[in-house]
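Structure data (PDB, C-alpha atoms and all ligand atoms) from work36.pdb:
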ATOM      1  CA  MET A   1     180.506  10.916  81.124
ATOM      2  CA  THR A   2     178.541  12.293  78.212
ATOM      3  CA  ALA A   3     179.652  12.667  74.634
ATOM      4  CA  GLY A   4     178.407  16.219  74.225
ATOM      5  CA  ALA A   5     176.441  18.785  76.174
ATOM      6  CA  VAL A   6     173.037  17.620  74.925
ATOM      7  CA  ALA A   7     170.833  15.267  76.958
ATOM      8  CA  PRO A   8     171.859  11.671  76.362
ATOM      9  CA  ARG A   9     169.584   9.636  74.095
ATOM     10  CA  VAL A  10     171.096   6.353  75.123
ATOM     11  CA  ALA A  11     173.258   4.835  77.823
ATOM     12  CA  VAL A  12     175.744   1.996  77.982
ATOM     13  CA  LEU A  13     175.881   0.007  81.209
ATOM     14  CA  ALA A  14     179.247  -1.640  81.868
ATOM     15  CA  SER A  15     181.711  -1.908  84.694
ATOM     16  CA  ARG A  16     184.603  -2.628  82.339
ATOM     17  CA  VAL A  17     185.234  -1.020  78.992
ATOM     18  CA  ARG A  18     186.720  -3.875  76.976
ATOM     19  CA  ALA A  19     187.535  -3.842  73.263
ATOM     20  CA  ASP A  20     183.866  -4.568  72.411
ATOM     21  CA  GLU A  21     182.584  -1.670  74.509
ATOM     22  CA  LYS A  22     185.220   0.642  72.989
ATOM     23  CA  ARG A  23     183.838  -0.251  69.565
ATOM     24  CA  ILE A  24     180.288   0.463  70.716
ATOM     25  CA  LEU A  25     181.213   3.842  72.221
ATOM     26  CA  ALA A  26     183.215   4.694  69.082
ATOM     27  CA  ALA A  27     180.187   3.833  66.922
ATOM     28  CA  LEU A  28     177.976   6.110  69.050
ATOM     29  CA  GLU A  29     180.471   8.952  68.778
ATOM     30  CA  ARG A  30     180.955   8.456  65.028
ATOM     31  CA  ARG A  31     177.196   8.641  64.582
ATOM     32  CA  GLY A  32     176.847  11.698  66.811
ATOM     33  CA  VAL A  33     174.507   9.964  69.277
ATOM     34  CA  PRO A  34     174.651  11.654  72.701
ATOM     35  CA  TYR A  35     175.221   8.931  75.272
ATOM     36  CA  VAL A  36     176.019   8.418  78.905
ATOM     37  CA  GLN A  37     178.242   5.650  80.192
ATOM     38  CA  LEU A  38     176.966   4.023  83.375
ATOM     39  CA  ASP A  39     179.410   2.175  85.588
ATOM     40  CA  ALA A  40     177.428  -0.740  87.013
ATOM     41  CA  ARG A  41     179.613  -0.753  90.135
ATOM     42  CA  THR A  42     178.332   2.701  91.115
ATOM     43  CA  LEU A  43     174.651   2.082  90.384
ATOM     44  CA  HIS A  44     171.788   1.923  92.844
ATOM     45  CA  GLY A  45     168.053   2.294  92.384
ATOM     46  CA  PHE A  46     164.930   2.669  94.505
ATOM     47  CA  ALA A  47     161.967   0.324  94.422
ATOM     48  CA  HIS A  48     159.705   3.418  94.157
ATOM     49  CA  PRO A  49     161.636   5.568  91.690
ATOM     50  CA  ALA A  50     160.526   9.092  90.862
ATOM     51  CA  ALA A  51     159.260   9.087  87.277
ATOM     52  CA  ASP A  52     160.274  12.437  85.838
ATOM     53  CA  GLY A  53     161.415  13.154  82.298
ATOM     54  CA  PRO A  54     162.536  10.913  79.494
ATOM     55  CA  ARG A  55     164.863   8.035  80.247
ATOM     56  CA  PRO A  56     167.595   7.034  77.806
ATOM     57  CA  ALA A  57     167.459   3.508  76.427
ATOM     58  CA  VAL A  58     170.252   1.401  77.906
ATOM     59  CA  LEU A  59     172.524  -1.128  76.252
ATOM     60  CA  ASN A  60     173.461  -3.653  78.913
ATOM     61  CA  ARG A  61     177.121  -4.632  78.549
ATOM     62  CA  GLU A  62     177.723  -5.548  82.172
ATOM     63  CA  ILE A  63     180.050  -8.551  82.382
ATOM     64  CA  SER A  64     178.908  -9.775  85.810
ATOM     65  CA  HIS A  65     175.726 -11.779  85.325
ATOM     66  CA  THR A  66     174.287 -10.826  88.714
ATOM     67  CA  ARG A  67     174.922  -7.112  88.183
ATOM     68  CA  ALA A  68     173.640  -7.364  84.614
ATOM     69  CA  VAL A  69     170.314  -8.791  85.804
ATOM     70  CA  TYR A  70     169.799  -6.480  88.779
ATOM     71  CA  GLY A  71     171.181  -3.484  86.882
ATOM     72  CA  ALA A  72     168.607  -4.077  84.133
ATOM     73  CA  GLU A  73     165.879  -4.538  86.735
ATOM     74  CA  LEU A  74     166.575  -1.322  88.587
ATOM     75  CA  LEU A  75     166.875   0.635  85.348
ATOM     76  CA  GLU A  76     163.601  -0.821  84.057
ATOM     77  CA  ALA A  77     161.990   0.025  87.395
ATOM     78  CA  ALA A  78     163.135   3.621  86.867
ATOM     79  CA  GLY A  79     161.446   3.709  83.457
ATOM     80  CA  HIS A  80     164.359   2.918  81.124
ATOM     81  CA  ARG A  81     164.108   0.478  78.262
ATOM     82  CA  VAL A  82     167.023  -1.911  78.479
ATOM     83  CA  VAL A  83     168.491  -4.149  75.764
ATOM     84  CA  ASN A  84     168.441  -6.932  76.554
ATOM     85  CA  SER A  85     165.561  -6.794  78.988
ATOM     86  CA  ALA A  86     166.108  -7.896  82.574
ATOM     87  CA  ALA A  87     163.866 -10.919  81.957
ATOM     88  CA  ALA A  88     165.839 -12.052  78.893
ATOM     89  CA  THR A  89     169.167 -11.457  80.651
ATOM     90  CA  ALA A  90     168.067 -13.529  83.646
ATOM     91  CA  LEU A  91     166.726 -16.316  81.451
ATOM     92  CA  CYS A  92     169.804 -16.538  79.196
ATOM     93  CA  GLY A  93     172.091 -16.574  82.222
ATOM     94  CA  ASP A  94     170.461 -19.706  83.558
ATOM     95  CA  LYS A  95     171.343 -22.775  81.516
ATOM     96  CA  TRP A  96     168.427 -24.888  82.731
ATOM     97  CA  ARG A  97     165.787 -22.217  82.119
ATOM     98  CA  THR A  98     167.289 -21.639  78.685
ATOM     99  CA  SER A  99     167.152 -25.376  77.906
ATOM    100  CA  THR A 100     163.510 -25.701  78.939
ATOM    101  CA  THR A 101     162.562 -22.549  77.015
ATOM    102  CA  LEU A 102     164.291 -23.775  73.852
ATOM    103  CA  ALA A 103     162.710 -27.205  74.206
ATOM    104  CA  ALA A 104     159.245 -25.700  74.766
ATOM    105  CA  ALA A 105     159.714 -23.663  71.586
ATOM    106  CA  GLY A 106     160.353 -26.912  69.711
ATOM    107  CA  LEU A 107     163.959 -26.011  68.868
ATOM    108  CA  PRO A 108     166.583 -28.743  68.602
ATOM    109  CA  THR A 109     168.734 -28.798  71.723
ATOM    110  CA  PRO A 110     170.818 -31.574  73.337
ATOM    111  CA  ARG A 111     169.075 -33.922  75.792
ATOM    112  CA  THR A 112     169.435 -32.256  79.163
ATOM    113  CA  VAL A 113     168.485 -33.204  82.705
ATOM    114  CA  LEU A 114     168.444 -31.301  85.983
ATOM    115  CA  ALA A 115     168.945 -33.049  89.316
ATOM    116  CA  LEU A 116     168.254 -31.287  92.590
ATOM    117  CA  THR A 117     171.069 -32.981  94.488
ATOM    118  CA  PRO A 118     174.379 -34.599  93.513
ATOM    119  CA  GLY A 119     172.885 -37.949  94.614
ATOM    120  CA  ALA A 120     169.903 -37.521  92.275
ATOM    121  CA  ALA A 121     172.375 -36.596  89.524
ATOM    122  CA  LEU A 122     173.809 -40.137  89.560
ATOM    123  CA  ASP A 123     170.336 -41.562  88.912
ATOM    124  CA  ALA A 124     169.720 -38.923  86.250
ATOM    125  CA  LEU A 125     172.966 -39.911  84.564
ATOM    126  CA  GLU A 126     171.839 -43.545  84.437
ATOM    127  CA  GLU A 127     168.860 -42.391  82.351
ATOM    128  CA  LEU A 128     170.756 -39.847  80.274
ATOM    129  CA  GLY A 129     173.690 -42.147  79.576
ATOM    130  CA  THR A 130     177.380 -41.385  79.132
ATOM    131  CA  PRO A 131     179.377 -39.674  77.801
ATOM    132  CA  ALA A 132     177.754 -36.565  79.198
ATOM    133  CA  VAL A 133     178.649 -33.028  80.190
ATOM    134  CA  ILE A 134     178.202 -31.395  83.588
ATOM    135  CA  LYS A 135     177.809 -27.621  83.696
ATOM    136  CA  PRO A 136     177.265 -24.977  86.336
ATOM    137  CA  LEU A 137     173.774 -23.472  86.080
ATOM    138  CA  VAL A 138     175.284 -20.025  85.652
ATOM    139  CA  GLY A 139     178.674 -19.449  84.064
ATOM    140  CA  SER A 140     180.505 -18.568  80.899
ATOM    141  CA  TRP A 141     183.704 -19.105  78.891
ATOM    142  CA  GLY A 142     183.395 -22.840  79.469
ATOM    143  CA  ARG A 143     184.428 -22.542  83.116
ATOM    144  CA  LEU A 144     183.634 -25.639  85.202
ATOM    145  CA  VAL A 145     182.063 -27.311  82.153
ATOM    146  CA  ALA A 146     183.375 -30.893  82.392
ATOM    147  CA  ARG A 147     183.092 -34.046  80.348
ATOM    148  CA  VAL A 148     181.718 -37.081  82.144
ATOM    149  CA  PRO A 149     182.925 -40.142  80.243
ATOM    150  CA  ASP A 150     181.597 -42.756  82.675
ATOM    151  CA  ARG A 151     179.885 -43.347  86.017
ATOM    152  CA  GLU A 152     183.139 -43.590  87.945
ATOM    153  CA  THR A 153     184.178 -40.102  86.828
ATOM    154  CA  ALA A 154     180.658 -38.852  87.580
ATOM    155  CA  GLU A 155     180.900 -40.156  91.153
ATOM    156  CA  ALA A 156     184.221 -38.361  91.677
ATOM    157  CA  LEU A 157     183.012 -35.094  90.094
ATOM    158  CA  LEU A 158     179.762 -35.130  92.048
ATOM    159  CA  GLU A 159     181.637 -35.654  95.302
ATOM    160  CA  TYR A 160     183.439 -32.388  94.565
ATOM    161  CA  VAL A 161     180.136 -30.758  93.598
ATOM    162  CA  ALA A 162     178.599 -31.849  96.923
ATOM    163  CA  ALA A 163     181.513 -30.246  98.786
ATOM    164  CA  LEU A 164     180.922 -26.816  97.182
ATOM    165  CA  PRO A 165     179.523 -24.243  99.644
ATOM    166  CA  SER A 166     176.772 -22.641  97.570
ATOM    167  CA  PRO A 167     173.355 -24.397  97.559
ATOM    168  CA  GLN A 168     172.951 -23.480  93.871
ATOM    169  CA  SER A 169     176.032 -25.568  93.030
ATOM    170  CA  HIS A 170     174.263 -28.681  94.328
ATOM    171  CA  VAL A 171     171.613 -28.401  91.617
ATOM    172  CA  VAL A 172     173.232 -30.401  88.831
ATOM    173  CA  TYR A 173     172.806 -29.722  85.114
ATOM    174  CA  LEU A 174     173.750 -32.662  82.900
ATOM    175  CA  GLN A 175     173.656 -32.868  79.139
ATOM    176  CA  GLU A 176     174.415 -35.504  76.550
ATOM    177  CA  LEU A 177     177.856 -35.003  74.987
ATOM    178  CA  VAL A 178     177.188 -34.166  71.354
ATOM    179  CA  ASP A 179     179.701 -35.735  68.965
ATOM    180  CA  LYS A 180     180.494 -32.429  67.264
ATOM    181  CA  PRO A 181     183.086 -31.966  64.516
ATOM    182  CA  GLY A 182     185.741 -30.129  66.611
ATOM    183  CA  ARG A 183     183.906 -26.838  66.322
ATOM    184  CA  ASP A 184     180.817 -24.990  67.385
ATOM    185  CA  ILE A 185     178.991 -22.128  65.725
ATOM    186  CA  ARG A 186     178.358 -18.674  67.127
ATOM    187  CA  VAL A 187     175.625 -16.670  65.440
ATOM    188  CA  GLY A 188     175.240 -12.985  66.253
ATOM    189  CA  VAL A 189     171.616 -11.854  66.175
ATOM    190  CA  ALA A 190     170.217  -8.333  66.525
ATOM    191  CA  GLY A 191     166.598  -7.282  66.153
ATOM    192  CA  GLY A 192     165.502 -10.625  64.714
ATOM    193  CA  GLU A 193     168.205 -10.640  62.033
ATOM    194  CA  VAL A 194     171.491 -12.468  61.676
ATOM    195  CA  ILE A 195     174.540 -10.189  61.967
ATOM    196  CA  GLY A 196     176.891 -12.977  60.968
ATOM    197  CA  ALA A 197     178.147 -16.389  62.023
ATOM    198  CA  VAL A 198     181.488 -17.983  62.797
ATOM    199  CA  TYR A 199     182.823 -21.454  63.373
ATOM    200  CA  ARG A 200     184.940 -21.724  66.497
ATOM    201  CA  HIS A 201     187.552 -24.447  66.099
ATOM    202  CA  SER A 202     189.592 -25.782  68.941
ATOM    203  CA  ALA A 203     191.834 -28.652  69.991
ATOM    204  CA  ASP A 204     190.108 -28.379  73.393
ATOM    205  CA  TRP A 205     186.637 -29.972  73.323
ATOM    206  CA  ARG A 206     185.355 -26.697  74.785
ATOM    207  CA  THR A 207     185.438 -24.413  71.781
ATOM    208  CA  ASN A 208     185.280 -21.065  73.591
ATOM    209  CA  VAL A 209     187.248 -18.158  72.132
ATOM    210  CA  ALA A 210     188.221 -17.377  75.733
ATOM    211  CA  ARG A 211     189.911 -20.830  75.775
ATOM    212  CA  GLY A 212     191.894 -20.174  72.605
ATOM    213  CA  ALA A 213     189.496 -21.300  69.871
ATOM    214  CA  TRP A 214     190.187 -19.834  66.419
ATOM    215  CA  VAL A 215     187.392 -18.430  64.361
ATOM    216  CA  GLU A 216     186.420 -18.807  60.733
ATOM    217  CA  ARG A 217     183.563 -17.062  59.005
ATOM    218  CA  CYS A 218     180.562 -19.286  58.386
ATOM    219  CA  VAL A 219     179.195 -18.035  55.098
ATOM    220  CA  ASP A 220     176.219 -20.343  54.622
ATOM    221  CA  THR A 221     173.690 -19.346  57.277
ATOM    222  CA  GLY A 222     170.728 -20.844  55.402
ATOM    223  CA  VAL A 223     169.857 -23.381  58.115
ATOM    224  CA  ILE A 224     171.579 -22.000  61.179
ATOM    225  CA  GLY A 225     170.450 -18.400  60.674
ATOM    226  CA  PRO A 226     166.703 -18.988  61.102
ATOM    227  CA  LEU A 227     167.427 -21.399  63.962
ATOM    228  CA  ALA A 228     169.503 -18.789  65.790
ATOM    229  CA  VAL A 229     166.881 -16.090  65.192
ATOM    230  CA  ALA A 230     164.180 -18.439  66.554
ATOM    231  CA  ALA A 231     166.323 -19.233  69.613
ATOM    232  CA  ALA A 232     166.894 -15.535  70.360
ATOM    233  CA  ALA A 233     163.154 -14.877  69.969
ATOM    234  CA  ALA A 234     162.263 -17.811  72.237
ATOM    235  CA  VAL A 235     164.249 -16.313  75.123
ATOM    236  CA  GLY A 236     163.194 -12.739  74.324
ATOM    237  CA  ALA A 237     166.711 -11.511  73.500
ATOM    238  CA  ARG A 238     166.885  -8.655  70.978
ATOM    239  CA  ILE A 239     170.674  -8.942  70.904
ATOM    240  CA  ALA A 240     172.121 -12.434  71.209
ATOM    241  CA  GLY A 241     175.103 -14.651  70.642
ATOM    242  CA  VAL A 242     173.522 -17.991  69.867
ATOM    243  CA  ASP A 243     175.772 -21.032  70.257
ATOM    244  CA  LEU A 244     175.037 -24.073  68.116
ATOM    245  CA  ILE A 245     176.723 -27.436  67.749
ATOM    246  CA  GLU A 246     176.332 -29.902  64.919
ATOM    247  CA  ASP A 247     175.699 -33.511  65.829
ATOM    248  CA  ALA A 248     177.300 -36.517  64.112
ATOM    249  CA  ASP A 249     174.715 -36.213  61.292
ATOM    250  CA  GLY A 250     175.488 -32.519  60.816
ATOM    251  CA  ARG A 251     172.206 -31.371  62.363
ATOM    252  CA  PRO A 252     172.603 -28.118  64.298
ATOM    253  CA  GLN A 253     171.392 -28.005  67.883
ATOM    254  CA  VAL A 254     171.053 -24.910  70.008
ATOM    255  CA  LEU A 255     173.394 -25.036  72.977
ATOM    256  CA  GLU A 256     172.651 -21.687  74.540
ATOM    257  CA  VAL A 257     171.813 -18.054  73.987
ATOM    258  CA  ASN A 258     174.178 -15.423  75.380
ATOM    259  CA  ALA A 259     172.423 -12.166  76.205
ATOM    260  CA  GLY A 260     175.688 -10.223  76.430
ATOM    261  CA  LEU A 261     177.077 -10.705  72.930
ATOM    262  CA  GLU A 262     180.881 -10.762  73.109
ATOM    263  CA  PHE A 263     181.827 -10.112  69.523
ATOM    264  CA  SER A 264     185.598  -9.776  69.162
ATOM    265  CA  GLY A 265     185.882 -13.254  67.546
ATOM    266  CA  LEU A 266     182.827 -12.600  65.398
ATOM    267  CA  GLN A 267     184.165  -9.200  64.292
ATOM    268  CA  GLU A 268     187.594 -10.632  63.492
ATOM    269  CA  ALA A 269     186.084 -13.285  61.210
ATOM    270  CA  LEU A 270     183.429 -11.106  59.606
ATOM    271  CA  GLY A 271     185.798  -8.266  58.793
ATOM    272  CA  GLU A 272     185.182  -4.554  58.982
ATOM    273  CA  ASP A 273     182.489  -4.578  56.276
ATOM    274  CA  VAL A 274     180.137  -6.048  58.923
ATOM    275  CA  PRO A 275     180.462  -3.568  61.806
ATOM    276  CA  VAL A 276     178.927  -5.542  64.670
ATOM    277  CA  ALA A 277     178.996  -2.576  67.084
ATOM    278  CA  ASP A 278     176.861  -0.563  64.664
ATOM    279  CA  ARG A 279     174.266  -3.324  64.535
ATOM    280  CA  LEU A 280     174.038  -3.208  68.319
ATOM    281  CA  VAL A 281     173.749   0.586  68.250
ATOM    282  CA  ASP A 282     170.964   0.280  65.623
ATOM    283  CA  GLU A 283     169.106  -2.029  67.977
ATOM    284  CA  LEU A 284     169.653   0.285  70.943
ATOM    285  CA  LEU A 285     168.295   3.264  68.990
ATOM    286  CA  ALA A 286     165.334   1.171  67.825
ATOM    287  CA  GLU A 287     164.635   0.230  71.440
ATOM    288  CA  GLY A 288     164.770   3.902  72.429
ATOM    289  CA  ALA A 289     162.218   4.731  69.744
ATOM    290  CA  ARG A 290     159.707   2.108  70.979
TER     291      ARG A 290
HETATM  292  N1  LIG A 301     176.574 -31.021  75.178
HETATM  293  C1  LIG A 301     177.735 -30.711  74.629
HETATM  294  N2  LIG A 301     178.325 -31.537  73.714
HETATM  295  C2  LIG A 301     179.511 -31.216  73.157
HETATM  296  N3  LIG A 301     180.210 -30.120  73.450
HETATM  297  C3  LIG A 301     179.685 -29.265  74.345
HETATM  298  C4  LIG A 301     178.423 -29.520  74.981
HETATM  299  N4  LIG A 301     178.150 -28.500  75.814
HETATM  300  C5  LIG A 301     179.180 -27.653  75.716
HETATM  301  N5  LIG A 301     180.108 -28.098  74.842
HETATM  302  C6  LIG A 301     181.373 -27.422  74.490
HETATM  303  O1  LIG A 301     181.822 -26.711  75.623
HETATM  304  C7  LIG A 301     181.854 -25.298  75.345
HETATM  305  C8  LIG A 301     181.381 -24.535  76.573
HETATM  306  O2  LIG A 301     180.055 -24.919  76.882
HETATM  307  P1  LIG A 301     178.921 -23.852  77.154
HETATM  308  O3  LIG A 301     178.829 -22.928  75.971
HETATM  309  O4  LIG A 301     177.696 -24.562  77.537
HETATM  310  O5  LIG A 301     179.558 -23.108  78.397
HETATM  311  P2  LIG A 301     179.592 -21.599  78.781
HETATM  312  O6  LIG A 301     180.449 -21.529  79.992
HETATM  313  O7  LIG A 301     178.196 -21.099  78.893
HETATM  314  O8  LIG A 301     180.312 -20.864  77.553
HETATM  315  P3  LIG A 301     179.933 -19.471  76.804
HETATM  316  O9  LIG A 301     180.914 -18.466  77.282
HETATM  317  O10 LIG A 301     180.076 -19.841  75.334
HETATM  318  O11 LIG A 301     178.580 -19.065  77.141
HETATM  319  C9  LIG A 301     180.958 -25.105  74.116
HETATM  320  O12 LIG A 301     181.380 -24.006  73.357
HETATM  321  C10 LIG A 301     181.133 -26.424  73.382
HETATM  322  O13 LIG A 301     182.261 -26.416  72.545
END
Please re-express this file's structure in structure tokens.
Ligand SMILES: Nc1ncnc2c1ncn2[C@@H]1O[C@H](COP(=O)(O)OP(=O)(O)OP(=O)(O)O)[C@@H](O)[C@H]1O
Amino acid sequence: MTAGAVAPRVAVLASRVRADEKRILAALERRGVPYVQLDARTLHGFAHPAADGPRPAVLNREISHTRAVYGAELLEAAGHRVVNSAAATALCGDKWRTSTTLAAAGLPTPRTVLALTPGAALDALEELGTPAVIKPLVGSWGRLVARVPDRETAEALLEYVAALPSPQSHVVYLQELVDKPGRDIRVGVAGGEVIGAVYRHSADWRTNVARGAWVERCVDTGVIGPLAVAAAAAVGARIAGVDLIEDADGRPQVLEVNAGLEFSGLQEALGEDVPVADRLVDELLAEGAR
């Protein structure tokens, strides 16, 4: 589907058009940018693609992590520039690789350990200490992220982990439980600049908007802004939702970097004078001009 008869300058890759994608498409139409919408579920690409003609820059809004990574890869192979790149999307989707990348960049991030089997995870937990958090290597919206208050709970949880069918599930990611003040911070970043930041408050210890957290604009981005921009740069994400948590001393730590910025909570708190979709479109157009 194109918005006009002219050749598309940009494309949006998504298999579901949610409220965020509607805002992005509306911003493109308002600005008169010819675009094409690519349904990731219908996409295929050859390893030796024919390179003819210009390729529109692609904004990757695919919700499935696997399709987002391979979609970006096949589009890049065909000569498209994709935001975020396939490499950044793959890296951000993997919690362990993100943790090691953030740590290597010298950014504050919770103590984290990876164990290659559930049995090794019990030893790792001895060193890490409790309370801790166990997370799937790949996942979002706080799904399967569980608190581990003590060794007994760890033993029970890891027994379940060991019974899971996928080999990837047996690689165990453990992290110290940060004593945060009932909220985390989401910073939207585009093109090395802060779009805006929100606190996400919740009665649940997992402060995901998808789990019912309520958002409040975080006005003072003096410390967290540069940290979020550095985290996005470390993982190579031009567009990012950087999640931070404050420890008991109020020091922010980078939890993760989301390559597919879901911005409904951010937009709600920032208000219409900060049009997040337009910032993403700016970045897409900038990518197309590179
Ligand atoms: N180490 C930690 N200490 C304290 N709270 C944590 C820790 N890790 C995660 N949380 C809480 O759990 C929530 C979900 O964790 P995390 O963001 O790692 O999972 P996710 O599934 O990747 O979620 P998202 O959709 O935000 O990417 C966080 O928003 C945070 O509130």
Around ligand LIG 301 (chain A), out to 9 Å and counting all atoms listed in the file, which residues are there? I want them as a CSV table (one decimal) with C-alpha atoms, in the coordinates of the input.
chain,number,residue,atom,x,y,z
A,93,GLY,CA,172.1,-16.6,82.2
A,95,LYS,CA,171.3,-22.8,81.5
A,109,THR,CA,168.7,-28.8,71.7
A,110,PRO,CA,170.8,-31.6,73.3
A,111,ARG,CA,169.1,-33.9,75.8
A,112,THR,CA,169.4,-32.3,79.2
A,132,ALA,CA,177.8,-36.6,79.2
A,133,VAL,CA,178.6,-33.0,80.2
A,134,ILE,CA,178.2,-31.4,83.6
A,135,LYS,CA,177.8,-27.6,83.7
A,136,PRO,CA,177.3,-25.0,86.3
A,137,LEU,CA,173.8,-23.5,86.1
A,138,VAL,CA,175.3,-20.0,85.7
A,139,GLY,CA,178.7,-19.4,84.1
A,140,SER,CA,180.5,-18.6,80.9
A,141,TRP,CA,183.7,-19.1,78.9
A,142,GLY,CA,183.4,-22.8,79.5
A,143,ARG,CA,184.4,-22.5,83.1
A,144,LEU,CA,183.6,-25.6,85.2
A,145,VAL,CA,182.1,-27.3,82.2
A,146,ALA,CA,183.4,-30.9,82.4
A,147,ARG,CA,183.1,-34.0,80.3
A,174,LEU,CA,173.8,-32.7,82.9
A,175,GLN,CA,173.7,-32.9,79.1
A,176,GLU,CA,174.4,-35.5,76.6
A,177,LEU,CA,177.9,-35.0,75.0
A,178,VAL,CA,177.2,-34.2,71.4
A,179,ASP,CA,179.7,-35.7,69.0
A,180,LYS,CA,180.5,-32.4,67.3
A,182,GLY,CA,185.7,-30.1,66.6
A,183,ARG,CA,183.9,-26.8,66.3
A,184,ASP,CA,180.8,-25.0,67.4
A,185,ILE,CA,179.0,-22.1,65.7
A,186,ARG,CA,178.4,-18.7,67.1
A,200,ARG,CA,184.9,-21.7,66.5
A,201,HIS,CA,187.6,-24.4,66.1
A,202,SER,CA,189.6,-25.8,68.9
A,204,ASP,CA,190.1,-28.4,73.4
A,205,TRP,CA,186.6,-30.0,73.3
A,206,ARG,CA,185.4,-26.7,74.8
A,207,THR,CA,185.4,-24.4,71.8
A,208,ASN,CA,185.3,-21.1,73.6
A,209,VAL,CA,187.2,-18.2,72.1
A,210,ALA,CA,188.2,-17.4,75.7
A,241,GLY,CA,175.1,-14.7,70.6
A,242,VAL,CA,173.5,-18.0,69.9
A,243,ASP,CA,175.8,-21.0,70.3
A,244,LEU,CA,175.0,-24.1,68.1
A,245,ILE,CA,176.7,-27.4,67.7
A,246,GLU,CA,176.3,-29.9,64.9
A,247,ASP,CA,175.7,-33.5,65.8
A,255,LEU,CA,173.4,-25.0,73.0
A,256,GLU,CA,172.7,-21.7,74.5
A,257,VAL,CA,171.8,-18.1,74.0
A,258,ASN,CA,174.2,-15.4,75.4
A,262,GLU,CA,180.9,-10.8,73.1
Do a neighbour search on A:Arg81 at 7 Å with only C-alpha atoms, toss out local chain neighbours closer than 3 positions, and write the hits as an NGL selection string. :A and (57-58 or 76 or 287-288)
Report the residues retrieved by the PyMOL selection byres (((chain A and resi 277-285) around 6) and not hetatm) from the displayed file, expressed as a ChimeraX atom specification. /A:23-24,27,275-276,286-288
Just the selected residues (C-alpha atoms), exported as a PDB file, keeping the file's coordinate frame, please.
ATOM      1  CA  ARG A  23     183.838  -0.251  69.565  1.00  0.00           C
ATOM      2  CA  ILE A  24     180.288   0.463  70.716  1.00  0.00           C
ATOM      3  CA  ALA A  27     180.187   3.833  66.922  1.00  0.00           C
ATOM      4  CA  PRO A 275     180.462  -3.568  61.806  1.00  0.00           C
ATOM      5  CA  VAL A 276     178.927  -5.542  64.670  1.00  0.00           C
ATOM      6  CA  ALA A 286     165.334   1.171  67.825  1.00  0.00           C
ATOM      7  CA  GLU A 287     164.635   0.230  71.440  1.00  0.00           C
ATOM      8  CA  GLY A 288     164.770   3.902  72.429  1.00  0.00           C
TER       9      GLY A 288
END
Which residues fall under the PyMOL selection byres (((chain A and resi 224-232) around 10) and not hetatm) in this file, as number ranges by chain? A: 88, 92, 98, 101-103, 105-108, 185-197, 218, 220-223, 233-246, 251-259
Take the residues from that selection and write them out as an mmCIF file, in the coordinates of the input, keeping C-alpha atoms.
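As a result, again.cif now contains:
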data_model
loop_
_atom_site.group_PDB
_atom_site.id
_atom_site.type_symbol
_atom_site.label_atom_id
_atom_site.label_comp_id
_atom_site.auth_asym_id
_atom_site.auth_seq_id
_atom_site.Cartn_x
_atom_site.Cartn_y
_atom_site.Cartn_z
ATOM 1 C CA ALA A 88 165.839 -12.052 78.893
ATOM 2 C CA CYS A 92 169.804 -16.538 79.196
ATOM 3 C CA THR A 98 167.289 -21.639 78.685
ATOM 4 C CA THR A 101 162.562 -22.549 77.015
ATOM 5 C CA LEU A 102 164.291 -23.775 73.852
ATOM 6 C CA ALA A 103 162.710 -27.205 74.206
ATOM 7 C CA ALA A 105 159.714 -23.663 71.586
ATOM 8 C CA GLY A 106 160.353 -26.912 69.711
ATOM 9 C CA LEU A 107 163.959 -26.011 68.868
ATOM 10 C CA PRO A 108 166.583 -28.743 68.602
ATOM 11 C CA ILE A 185 178.991 -22.128 65.725
ATOM 12 C CA ARG A 186 178.358 -18.674 67.127
ATOM 13 C CA VAL A 187 175.625 -16.670 65.440
ATOM 14 C CA GLY A 188 175.240 -12.985 66.253
ATOM 15 C CA VAL A 189 171.616 -11.854 66.175
ATOM 16 C CA ALA A 190 170.217 -8.333 66.525
ATOM 17 C CA GLY A 191 166.598 -7.282 66.153
ATOM 18 C CA GLY A 192 165.502 -10.625 64.714
ATOM 19 C CA GLU A 193 168.205 -10.640 62.033
ATOM 20 C CA VAL A 194 171.491 -12.468 61.676
ATOM 21 C CA ILE A 195 174.540 -10.189 61.967
ATOM 22 C CA GLY A 196 176.891 -12.977 60.968
ATOM 23 C CA ALA A 197 178.147 -16.389 62.023
ATOM 24 C CA CYS A 218 180.562 -19.286 58.386
ATOM 25 C CA ASP A 220 176.219 -20.343 54.622
ATOM 26 C CA THR A 221 173.690 -19.346 57.277
ATOM 27 C CA GLY A 222 170.728 -20.844 55.402
ATOM 28 C CA VAL A 223 169.857 -23.381 58.115
ATOM 29 C CA ALA A 233 163.154 -14.877 69.969
ATOM 30 C CA ALA A 234 162.263 -17.811 72.237
ATOM 31 C CA VAL A 235 164.249 -16.313 75.123
ATOM 32 C CA GLY A 236 163.194 -12.739 74.324
ATOM 33 C CA ALA A 237 166.711 -11.511 73.500
ATOM 34 C CA ARG A 238 166.885 -8.655 70.978
ATOM 35 C CA ILE A 239 170.674 -8.942 70.904
ATOM 36 C CA ALA A 240 172.121 -12.434 71.209
ATOM 37 C CA GLY A 241 175.103 -14.651 70.642
ATOM 38 C CA VAL A 242 173.522 -17.991 69.867
ATOM 39 C CA ASP A 243 175.772 -21.032 70.257
ATOM 40 C CA LEU A 244 175.037 -24.073 68.116
ATOM 41 C CA ILE A 245 176.723 -27.436 67.749
ATOM 42 C CA GLU A 246 176.332 -29.902 64.919
ATOM 43 C CA ARG A 251 172.206 -31.371 62.363
ATOM 44 C CA PRO A 252 172.603 -28.118 64.298
ATOM 45 C CA GLN A 253 171.392 -28.005 67.883
ATOM 46 C CA VAL A 254 171.053 -24.910 70.008
ATOM 47 C CA LEU A 255 173.394 -25.036 72.977
ATOM 48 C CA GLU A 256 172.651 -21.687 74.540
ATOM 49 C CA VAL A 257 171.813 -18.054 73.987
ATOM 50 C CA ASN A 258 174.178 -15.423 75.380
ATOM 51 C CA ALA A 259 172.423 -12.166 76.205
#
